[in-house]
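Just below is one structure, and these are the notes that go with it.
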Amino acid sequence: MPDRSDLDLDLGQIRDSGARRVIAHLLNVIEELQADNERLRDELARVKGGAERPTIRPQTPRLPTRDVSSERERHVPRPRHGQRNVTELVIHRVETLPVNPVELPPDAQFKGYVEVVVQDLLIQPQTTCFRKEKWYSPTMRQTYLAPLPPGYQGRFGPGLKAVGLALAYAGQMSEPKLLAFLRSVGVQISAGFLAGFLIHDQERFHAEQAAVVAAGLASGPWQHFDETGTRVNGQNHHCHVLGNPLFTSYTTTPRKDRQAVLDVLRAGAPRTYLFNEAAERALAQATLSAGIRRQLAHLPCDEVLDEAALTRWLSHHLPRLGTQARQLIGDALGVAAYRARTDGPVVDLLVTDDAPQFAGVTAARALCWIHVGRQLKQLTPCVPHHRRLLARFLGRFWRYYRKLLAYREAPSPAAARRLEAGFDRLFATATGYRGLDARITVIRANKAALLQVLAHPELPLHNNPAELGARQRVRKRDVSFGPRTAAGAKAWDTFQTLVATAAKLGVSFHDYVRDRVSEAHQLPALADLIRARAPALNLGHSWHTPAPSPSF
C-alpha cells in the first residue's frame, strides 16, 4: 500500500479530464484493495484454523474507538433554564435556626429569615408486629381473625416491595446488589424470596402494562420502533421497543421477523391472516413460482383465518412449500389482516431504521435521518481526497437536516416544494468516491420514507426515542445478563414498560408502584393519563390515505 501522504492530491487541479478519470478510478481501487486485504486476512486466519486474528495489546494506551455518533452535527443549542425550582418540592419539616446570641453585637437588629431548602433521604427498616384479634364462636364452630392491612400480604410491607421494584427496574440494580443493599440496611430477606418477588405474582402490573400498550397504540397514527437482543435462558431472543412521546413498551420475542413486528403492533392479540386484493397484489410481486400462485388463488377470499387454519390449508394444498415461500405468504396475509383489522388500533406509519422486517408492515414508513447520517460517518476512506469529499458531503447533509427541522416549526407548501427540490439536488451528487456514491444512491432510493415530514410535519426526523429505549434494555442486560424463564422475560418487559412510560408522563415510578402495592389506588392509571394527554399533544390524526400494497 502506498503511503497516505502520497495520495493527498486535489483532482480539481488536474486539467486533463481523462487523467482525472483515471486517477479517480485508481483512488477507488486503493480503497477497495484496503477493504479486500482486511477480508482476506480474516479468511486466511480462519482457513489456517484460527477463528480470528489474535488480540495483541499495545504497550501504549489504546486509542478511543472511532465515534460515528451524529450528536455533535445534529445538535441545536438551546438556552439553559438553570436548576429546578425549589418551590416544586414538598416541604416535610421546617426548623428554625437561631444565631448564637454571644456572637451578636449590642446594636444587632433582627431582619427575618433566609430559607435554605435541603433534600435528604431516610432509609431504615421498620418492623411491625400486627396483633390480629382472634375470636371463636362455639355455636358457629368458626374462628374469626382480623385481616392484615392492604399491601401487607406475606412477610414484607408495601414500602419495602416498592423500593425493591424501583431499584431493580428503574435503578437497573442487579439482584445480588439489591440483596446486599437491603441486608446492609437491616432487612432480613433471602435471595430466593427476592428473586421470586421481582418476577412472580405481578398480574396487576402485567394488566397495567397491557393497558398502557393499548392506550399508547391508540394515541396517534405513528409509532417509533426499534429492536435489540435479549438472551432468555441462554437463547437469543429479541426485545422490540415501541413508543411515542406518551409511552414506551418492551416486548421480548424469539424472533425479529415481520411476524414479530406484527405481534407487537397487535399488542398480544392472536395472529390472523387475510387473503384480499392487497395481499394478492403483494404476492404477485413476491418471488413465488407460477404453480404456487395458481394454488394461492384458491385461498378463501376476504375471510380472516387464524394461524391453525392457514397452516392446515397450506399443508393440504401446498404440502411441499418451502420455508421462504411460506414466510412470504404468511407475511403478505398477516399484513393484510393487520391493516384491515377492526378490533383494535392500526398504526399508519412506523419511524424506524432501514431494517428489512419493518418494510411493508404499515401503510407508510419514515426512516431515521440520524441513522442515515451514522451510515455515512461509518465510511473510513484511507485516501485523503476521499476524506475531504466525505467531510464536504456530510456538511451539506447536516445543513439540509437543519432545514427540515426548521420546516417542522413553520411548514408551508412552498417550503415543502423547495425542500423536495433540495433533496433531489443533494442526493444527485456524484463525488467520484465509489463508497460514498453507493451510499448516496441508497439514500436517494429512500426519498419517500425520508421526506414523510413534508406531508406530516408532526413526524419526528429521527428514531432516537426508540434507540434510547433499547439502550435501557442493553443496560439491564449488562447488569443482569438475561432472564432465565419466560416469566422473567415478561417481568422485564412489564416493568421496563411502566418505568419508561411513567418517566414520559412525569410520574414517580416509586410512588406509582407503592400506590399499587399498598392497594391505595390514589394515583391515576398510566393508561388513563395517556388517553387524557393524547389530544393536546398533536401526534396527528389518522391520515386516511390509500394504503399501498405491502412490498417486501
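Residue numbering restarts at 1 in every chain; chains get A, B, ... in the order shown in the C-alpha cells, and ligands count up from 1 in that same order.
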*Would you please give, as a ChimeraX atom specification, all residues of region 109-231 of chain A that DSSP assigns to strand (DSSP E) based on the backbone?*
/A:134-137,142-145,222-231
Write a file of the selected residues as a short mmCIF file (atom, residue, chain, number, x, y, z; two decimals), in the first residue's frame, keeping C-alpha atoms.
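Output file part.cif follows:
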```cif
data_model
loop_
_atom_site.label_atom_id
_atom_site.label_comp_id
_atom_site.auth_asym_id
_atom_site.auth_seq_id
_atom_site.Cartn_x
_atom_site.Cartn_y
_atom_site.Cartn_z
CA LYS A 134 -58.90 -13.76 67.17
CA TRP A 135 -62.47 -14.70 68.04
CA TYR A 136 -64.22 -18.05 68.19
CA SER A 137 -67.93 -18.80 68.00
CA GLN A 142 -65.84 -20.89 63.39
CA THR A 143 -62.78 -18.77 64.16
CA TYR A 144 -62.75 -15.08 63.21
CA LEU A 145 -59.33 -13.45 62.59
CA TRP A 222 -47.44 6.81 14.11
CA GLN A 223 -45.02 5.00 16.38
CA HIS A 224 -41.28 4.69 16.92
CA PHE A 225 -39.93 1.14 16.61
CA ASP A 226 -36.52 -0.41 17.29
CA GLU A 227 -35.06 -3.76 18.34
CA THR A 228 -32.19 -5.10 20.44
CA GLY A 229 -31.07 -8.52 21.59
CA THR A 230 -32.00 -10.27 24.84
CA ARG A 231 -30.91 -13.76 25.87
#
```
*Within 8 Å of Arg408 (chain A), counting only C-alpha atoms, which residues qualify if same-chain residues fewer than 3 places away don't, as a ChimeraX atom specification?*
/A:404-405,411,453,457-458
Contacts of Val241 (chain A) within 7 Å, only C-alpha atoms, excl. fewer than 5 positions in-chain, as a compact mmCIF listing (two decimals) with C-alpha atoms, in the first residue's frame:
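out-v2.txt, written as the output of this step:
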```txt
# COMPACT_ATOMS: atom_id res chain seq x y z
CA PHE A 225 -39.93 1.14 16.61
CA ASP A 226 -36.52 -0.41 17.29
CA GLU A 227 -35.06 -3.76 18.34
CA THR A 248 -42.62 3.21 25.60
CA SER A 249 -43.26 -0.52 25.59
CA TYR A 250 -40.94 -3.53 25.60
CA THR A 251 -41.80 -6.92 24.11
CA ALA A 466 -36.77 4.11 20.45
CA GLY A 469 -35.35 2.89 24.95
CA ALA A 470 -33.37 0.00 23.51
```
_Between A:Phe197, A:Glu277, A:Ile370, A:Ala415, which residue has the minimum interatomic distance to Trp398 (chain A), considering only C-alpha atoms?_
A:Ile370
*Using only C-alpha atoms, which of A:Ala428, A:Val102, A:Val187, A:Ala168 sits nearest Lys476 (chain A)?*
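Closest candidate: A:Ala168.
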*Please, what distance in Å, to one decimal, runs between CA of Lys161 (chain A) and CA of His510 (chain A)?*
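For CA of Lys161 (chain A) relative to CA of His510 (chain A), the distance reads 9.9 Å.
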*Mind giving me the straight-line distance from CA of Ala207 (chain A) to CA of Pro150 (chain A) in Å, one decimal?*
19.2 Å
